[in-house]
Amino acid sequence: MSTLSLRIQLEGGRVTKTIQFQPNTTVFDACKVIRDKFAEAVQGQPSEYGLFISDEQNQQGVWLEPGRTLGYYILHNQDTLEYRRKTRTLRVRMLDGAVKTILVDDSQPVSQLMVVICTKIGITNHEEYGLVREDNEAQNENLPDNKFGTLTLKRKIMEKDRDAKMESLRKKLKTDDEMNWVDVSRTLREQGIDEAETVLLRRRFFFSDQNIDSRDPVQLNLLYVQARDAILDGTHPVTQDKACEFAGIQVHIQFGPHNEAKHKTGFLDLKDFLPQSYVRTKGIEKKIFSEHRKHADLSEIDAKVLYTKTARELPTYGVTFFLVKEKMNGKNKLVPRLLGVTKDSVLRLDEHTKEILISWPLTTVRRWGASPNTFTLDFGDYANQYYSVQTTEAEQIVQLIAGYIDIILKKKQTKDHFGIEGDEGSTMVEESVAPSKATFLQHETNRMEQLNVESLAHPGIMRPYDGERPYMENEVQTVQYGAFVGQVNHAHQPPSPVVIQCFTKLRKFALVL
């Protein structure tokens, strides 16, 4: 087997050496050889380093898995590999504007990094969150001459291929098509996310958010900000009265209880508290302050709980929207339509009002098909025919539906397992029966009952050859002592005549014999 000559360089290219390997050498063993060659230049633990293949621009690349062989990656002689540290920093921006810098393992897929990121922040249900690559001006403000970054340029190119009418409607409806979610199945480096880029942490799946209350202030604040932004930008259509109700709670959260001397007309910047369609409505600020007065006794935390609870009552809450095209009945024409996905259903909505037209339970989805331009759902016997639409976001729709199904299955497995999530006071009862070694496990919940005092002594079990028999319970009698007092007489009584006669007959019979 021919050897493989590879150029190995340390991070930054400060040292480069050519080392020969066998193609069947594992990446783990190759790292050991490299470490021996660069013993003086490499510091830190061996587990902190790995082999990395970068592209020509050094923006993207792939980490080599330790269990794979070098031949698996189809390397050629004089190919360059970088021996670099796996750990790196990641800048994560919260919805409230706070930016956290977290140390992560760059060789792990994003799905594994979400566990670390959410744990550092204080979020338990990491599977419901995702990272979004920002494409706003803030992400590119440091670029010279206000040039677009790679991500924004990519979006500009993609927008050329989109229908102008659909693009205008998409921006108006605030669909999820505009969200550039980070792929959880790949690493950050494979997607070109370097240390300088900031990603946005955002809830992607609305599954267990109804359990969030004042006991979880971190998630409560994130949920409040996300719900507030969705109401203000029109993602959730609301009536004017409902908009004033939300605005009144928001004013209380930001400025505290109502103060007649301070909170007067002109105090609020209405575009920060109302959807754009209601900003110029005459006298609406007075309505907001009227709602504001109702919450004087609430704390900031309780006001956020009230805001999120009220937001959950909206028909569009928890819906992820996609603008698609569907075929008109009886005509060979495609018209715009909204497709929605929630934790328990797939929705067909009006593209202007977001009114729900048809709802298919998620449990009725038998299969789906995705192509670059179409997405098809098969509901089995629940529907007479397939539902097929034209969209360029088919892969994103598939990821969302599959994500909800995965969460549902994980929650079901958790409940089937011993212990029920959310019941912190539950206990587990275990009984073992010998000699057959049978074990019985049972989930028990706490119940307030009267204490019964009983004896732990119970009858034993005898197991003779013909089956088990219980011991008999009875009292043990105490030992009794006694004495006989009196005179003992010895006497002799001669045998009776009848006895003598019988004895004589027996003797004569014996002599005859």
# chains A, B, ... in the order shown; residues from 1 in each chain; ligands from 1
call {"tool": "residues_around", "arguments": {"residues": "His258 (chain A)", "least_positions_apart": "6", "cutoff": "9 Å", "atoms": "only C-alpha atoms", "output": "VMD selection string"}}
result
chain A and resid 251 to 252 289 292 to 296
call {"tool": "residues_around", "arguments": {"residues": "region 269-285 of chain A", "least_positions_apart": "4", "cutoff": "10 Å", "atoms": "only C-alpha atoms", "output": "list in words"}}
result
Arg228, Asp229, Ala230, Ile231, Leu232, Asp233, Gly234, Thr235, His236, Pro237, Val238, Thr239, Gln240, Asp241, Ala243, Cys244, Phe246, Ala247, Gly248, Ile249, Gln250, Val251, His263, Lys264, Thr265, Phe289, Ser290 and Glu291 of chain A
call {"tool": "closest_residue", "arguments": {"among": "A:Leu81, A:Val132, A:Ala402, A:Val346", "to": "Trp181 (chain A)", "atoms": "only C-alpha atoms"}}
result
A:Val132
call {"tool": "closest_residue", "arguments": {"among": "A:Ile405, A:Leu90, A:Val389, A:Ile397", "to": "Ala196 (chain A)", "atoms": "only C-alpha atoms"}}
result
A:Leu90
call {"tool": "closest_residue", "arguments": {"among": "A:Cys31, A:Arg133, A:Leu298, A:Asn221", "to": "Asp96 (chain A)", "atoms": "only C-alpha atoms"}}
result
A:Asn221
call {"tool": "closest_residue", "arguments": {"among": "A:Gln43, A:Ser214, A:Ser107, A:Gln78", "to": "Ser299 (chain A)", "atoms": "only C-alpha atoms"}}
result
A:Ser214
call {"tool": "residues_around", "arguments": {"residues": "Leu347 (chain A)", "least_positions_apart": "3", "cutoff": "9 Å", "atoms": "only C-alpha atoms", "output": "list in words"}}
result
Val319, Leu338, Leu339, Gly340, Val341, Thr342, Ile356, Leu357, Ile358, Ser359, Trp360 and Pro361 of chain A
call {"tool": "write_last_selection", "arguments": {"atoms": "C-alpha atoms", "output": "PDB file, in the first residue's frame"}}
result
ATOM      1  CA  VAL A 319     -47.357  29.248  13.922  1.00  0.00           C
ATOM      2  CA  LEU A 338     -49.742  30.737   3.400  1.00  0.00           C
ATOM      3  CA  LEU A 339     -48.616  27.390   4.789  1.00  0.00           C
ATOM      4  CA  GLY A 340     -48.301  27.208   8.573  1.00  0.00           C
ATOM      5  CA  VAL A 341     -46.715  24.636  10.879  1.00  0.00           C
ATOM      6  CA  THR A 342     -47.435  24.330  14.611  1.00  0.00           C
ATOM      7  CA  ILE A 356     -56.968  29.545   9.133  1.00  0.00           C
ATOM      8  CA  LEU A 357     -58.735  27.852   6.206  1.00  0.00           C
ATOM      9  CA  ILE A 358     -57.810  24.182   6.735  1.00  0.00           C
ATOM     10  CA  SER A 359     -56.043  22.417   9.594  1.00  0.00           C
ATOM     11  CA  TRP A 360     -54.476  18.963   9.274  1.00  0.00           C
ATOM     12  CA  PRO A 361     -53.367  17.321  12.542  1.00  0.00           C
TER      13      PRO A 361
END
call {"tool": "residues_around", "arguments": {"residues": "region 48-56 of chain A", "least_positions_apart": "5", "cutoff": "7 Å", "atoms": "only C-alpha atoms", "output": "PyMOL selection string"}}
result
chain A and resi 31+61-64+81-87
